[in-house]
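Below: the structure, in structure tokens.
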Amino acid sequence: MDAIRRMKTRLVRGRGHGTSGQALAEVAIALPILLLMLVGIWEFARAYQIQQVVVNAAREGARSAVLQGVDSDSATVITNGYLAGGNISGATVTVTDTDTTGDPTTVQVAVNYSFAFIGPLIRLATGNSGGPGDITLQSQATMRHE
């Protein structure tokens, strides 16, 4: 019975001495992991947003390429203009154009994307200065001349 009273008073008083150091150690372990997860979410969301701009630019380029009087150079300019609206530069735009009615026209867009924070961490961990942490976002749209 006496042991139960001692346990009850110990629970009411709190944990006792040394708990602030334990909490600091827990935060020191958990905080970097949490921050790395948050930055990873941010980075992949940005890459997904750029991928969506690339997809829409390819569609816009293909749509304009099949219009009467628009050649492949004009379609490339229109596609690059769409990419510039999304703050994307350095894209490779390839237009495979045929002027024959019923034939398909294909626009391919490719952009190299380097992860700003996670990429250098991956390169530091792997010792590789190139590949890991860099990806190519690409899309292709094909439409038919009407």
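Letters A, B, ... go to the chains of the structure tokens in the order shown; residues in each chain start at 1; ligands are counted from 1 in the same order.
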*Excluding A:Ser72 and any residue of its chain fewer than 3 positions from it, enumerate the residues within 8 Å of it, using only C-alpha atoms, and give them as a PyMOL selection string.*
chain A and resi 65+75-76+95-97
Write out as a tab-separated table a residue-level contact list of stretch 17-97 of chain A versus stretch 104-109 of chain A with cut-off 8 Å: for each qualifying residue the closest pair of atoms and the distance in Å to one decimal, counting only C-alpha atoms, rows sorted by chain and residue number upward.
```
residue	atom	partner	partner_atom	distance
A:Val54	CA	A:Val109	CA	6.5
A:Val55	CA	A:Val109	CA	7.9
A:Ala57	CA	A:Val109	CA	7.6
A:Ala58	CA	A:Val107	CA	5.7
A:Arg59	CA	A:Val107	CA	7.6
A:Gly61	CA	A:Val107	CA	6.3
A:Ala62	CA	A:Val107	CA	5.5
A:Ala65	CA	A:Thr105	CA	7.0
A:Val66	CA	A:Thr105	CA	6.8
A:Ala91	CA	A:Val109	CA	6.7
A:Thr92	CA	A:Val109	CA	5.7
A:Val93	CA	A:Val109	CA	4.7
A:Thr94	CA	A:Gln108	CA	5.1
A:Val95	CA	A:Val107	CA	4.5
A:Thr96	CA	A:Thr106	CA	5.1
A:Asp97	CA	A:Thr105	CA	4.8
```
Selection from above, N, CA and C atoms, as a PDB file, in the first residue's frame, can you write it?
```
ATOM      1  N   VAL A  54       5.541  22.126 -68.402  1.00  0.00           N
ATOM      2  CA  VAL A  54       6.134  21.494 -69.580  1.00  0.00           C
ATOM      3  C   VAL A  54       5.055  20.761 -70.388  1.00  0.00           C
ATOM      4  N   VAL A  55       4.164  20.048 -69.715  1.00  0.00           N
ATOM      5  CA  VAL A  55       3.074  19.346 -70.402  1.00  0.00           C
ATOM      6  C   VAL A  55       2.180  20.338 -71.131  1.00  0.00           C
ATOM      7  N   ALA A  57       2.935  23.361 -72.110  1.00  0.00           N
ATOM      8  CA  ALA A  57       3.679  24.014 -73.191  1.00  0.00           C
ATOM      9  C   ALA A  57       3.723  23.120 -74.422  1.00  0.00           C
ATOM     10  N   ALA A  58       3.903  21.827 -74.233  1.00  0.00           N
ATOM     11  CA  ALA A  58       3.904  20.903 -75.368  1.00  0.00           C
ATOM     12  C   ALA A  58       2.534  20.890 -76.039  1.00  0.00           C
ATOM     13  N   ARG A  59       1.473  20.891 -75.246  1.00  0.00           N
ATOM     14  CA  ARG A  59       0.121  20.930 -75.812  1.00  0.00           C
ATOM     15  C   ARG A  59      -0.127  22.223 -76.577  1.00  0.00           C
ATOM     16  N   GLY A  61       2.106  24.182 -77.937  1.00  0.00           N
ATOM     17  CA  GLY A  61       2.913  24.173 -79.151  1.00  0.00           C
ATOM     18  C   GLY A  61       2.301  23.310 -80.235  1.00  0.00           C
ATOM     19  N   ALA A  62       1.794  22.136 -79.861  1.00  0.00           N
ATOM     20  CA  ALA A  62       1.166  21.256 -80.843  1.00  0.00           C
ATOM     21  C   ALA A  62      -0.127  21.866 -81.376  1.00  0.00           C
ATOM     22  N   ALA A  65       0.868  24.479 -83.797  1.00  0.00           N
ATOM     23  CA  ALA A  65       1.565  23.957 -84.978  1.00  0.00           C
ATOM     24  C   ALA A  65       0.606  23.418 -86.029  1.00  0.00           C
ATOM     25  N   VAL A  66      -0.583  22.987 -85.618  1.00  0.00           N
ATOM     26  CA  VAL A  66      -1.525  22.427 -86.587  1.00  0.00           C
ATOM     27  C   VAL A  66      -2.425  23.495 -87.210  1.00  0.00           C
ATOM     28  N   ALA A  91      14.941  25.175 -72.096  1.00  0.00           N
ATOM     29  CA  ALA A  91      14.213  23.990 -72.550  1.00  0.00           C
ATOM     30  C   ALA A  91      14.619  23.625 -73.971  1.00  0.00           C
ATOM     31  N   THR A  92      14.525  22.359 -74.278  1.00  0.00           N
ATOM     32  CA  THR A  92      14.744  21.868 -75.634  1.00  0.00           C
ATOM     33  C   THR A  92      13.379  21.573 -76.244  1.00  0.00           C
ATOM     34  N   VAL A  93      13.061  22.297 -77.321  1.00  0.00           N
ATOM     35  CA  VAL A  93      11.774  22.127 -77.985  1.00  0.00           C
ATOM     36  C   VAL A  93      12.036  21.553 -79.375  1.00  0.00           C
ATOM     37  N   THR A  94      11.407  20.429 -79.675  1.00  0.00           N
ATOM     38  CA  THR A  94      11.536  19.786 -80.980  1.00  0.00           C
ATOM     39  C   THR A  94      10.152  19.678 -81.599  1.00  0.00           C
ATOM     40  N   VAL A  95       9.994  20.251 -82.786  1.00  0.00           N
ATOM     41  CA  VAL A  95       8.711  20.191 -83.499  1.00  0.00           C
ATOM     42  C   VAL A  95       8.897  19.319 -84.736  1.00  0.00           C
ATOM     43  N   THR A  96       8.141  18.240 -84.809  1.00  0.00           N
ATOM     44  CA  THR A  96       8.120  17.382 -85.984  1.00  0.00           C
ATOM     45  C   THR A  96       6.846  17.720 -86.740  1.00  0.00           C
ATOM     46  N   ASP A  97       6.988  18.518 -87.771  1.00  0.00           N
ATOM     47  CA  ASP A  97       5.830  19.105 -88.433  1.00  0.00           C
ATOM     48  C   ASP A  97       5.666  18.539 -89.836  1.00  0.00           C
TER      49      ASP A  97
END
```
*Could you write out, as a ChimeraX atom specification, all the residues of stretch 7-118 of chain A that DSSP marks as strand (DSSP E)?*
/A:92-96,104-114
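Distances to A:Gly86 were evaluated for A:Ala45, A:Met1, A:Ile50, A:Ala28 using only C-alpha atoms, and the minimum falls at A:Ile50.
The closest residue to A:Tyr113, picked from A:Ile88, A:Val39, A:Leu24, A:Ile78 and counting only C-alpha atoms, is A:Ile88.
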Give me, as a compact mmCIF listing (two decimals) with C-alpha atoms, in the first residue's frame, all polymer residues having an atom no more than 6 Å from A:Asp103, counting only C-alpha atoms and skipping those fewer than 3 positions away in the same chain.
```txt
# COMPACT_ATOMS: atom_id res chain seq x y z
CA THR A 100 -0.26 17.54 -95.00
CA ARG A 144 -3.38 16.02 -86.37
CA HIS A 145 -3.74 18.65 -89.09
```
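Distances from A:Ile118, A:Ala23, A:Leu137, A:Met143 to A:Met37 were compared using only C-alpha atoms, and the smallest one belongs to A:Ile118.
For the pair atom CA of A:Thr136 and atom CA of A:Val111, the separation is 5.6 Å.
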*Quick one: residues within 12 Å of A:Asn87, only C-alpha atoms counted, chain neighbours fewer than 2 positions away excluded, as a PyMOL selection string?*
chain A and resi 46+49-50+53-54+80-85+89-91+111
Please produce an output containing N, CA and C atoms for each residue in the selection, written as a tab-separated table (two decimals), in the first residue's frame.
```tsv
chain	number	residue	atom	x	y	z
A	46	ARG	N	7.64	21.53	-56.32
A	46	ARG	CA	8.16	22.44	-57.37
A	46	ARG	C	8.46	21.68	-58.66
A	49	GLN	N	5.20	20.99	-60.34
A	49	GLN	CA	4.66	22.21	-60.95
A	49	GLN	C	5.35	22.49	-62.27
A	50	ILE	N	6.65	22.32	-62.33
A	50	ILE	CA	7.40	22.53	-63.58
A	50	ILE	C	6.99	21.48	-64.61
A	53	VAL	N	3.83	22.61	-66.26
A	53	VAL	CA	4.07	23.69	-67.22
A	53	VAL	C	4.64	23.11	-68.52
A	54	VAL	N	5.54	22.13	-68.40
A	54	VAL	CA	6.13	21.49	-69.58
A	54	VAL	C	5.06	20.76	-70.39
A	80	ASN	N	8.18	28.23	-76.43
A	80	ASN	CA	9.15	28.89	-75.55
A	80	ASN	C	8.52	30.07	-74.82
A	81	GLY	N	7.60	30.77	-75.46
A	81	GLY	CA	6.89	31.85	-74.78
A	81	GLY	C	6.04	31.34	-73.63
A	82	TYR	N	5.40	30.18	-73.84
A	82	TYR	CA	4.62	29.58	-72.76
A	82	TYR	C	5.52	29.17	-71.60
A	83	LEU	N	6.68	28.60	-71.93
A	83	LEU	CA	7.62	28.21	-70.88
A	83	LEU	C	8.16	29.42	-70.14
A	84	ALA	N	8.40	30.52	-70.87
A	84	ALA	CA	8.90	31.74	-70.22
A	84	ALA	C	7.86	32.29	-69.26
A	85	GLY	N	6.58	32.11	-69.58
A	85	GLY	CA	5.53	32.54	-68.66
A	85	GLY	C	5.56	31.77	-67.35
A	89	SER	N	13.50	28.31	-68.30
A	89	SER	CA	14.41	28.63	-69.41
A	89	SER	C	15.30	27.42	-69.66
A	90	GLY	N	15.93	27.41	-70.82
A	90	GLY	CA	16.85	26.33	-71.16
A	90	GLY	C	16.17	25.06	-71.61
A	91	ALA	N	14.94	25.18	-72.10
A	91	ALA	CA	14.21	23.99	-72.55
A	91	ALA	C	14.62	23.62	-73.97
A	111	VAL	N	13.17	19.63	-70.23
A	111	VAL	CA	13.82	20.62	-69.36
A	111	VAL	C	14.63	19.86	-68.32
```
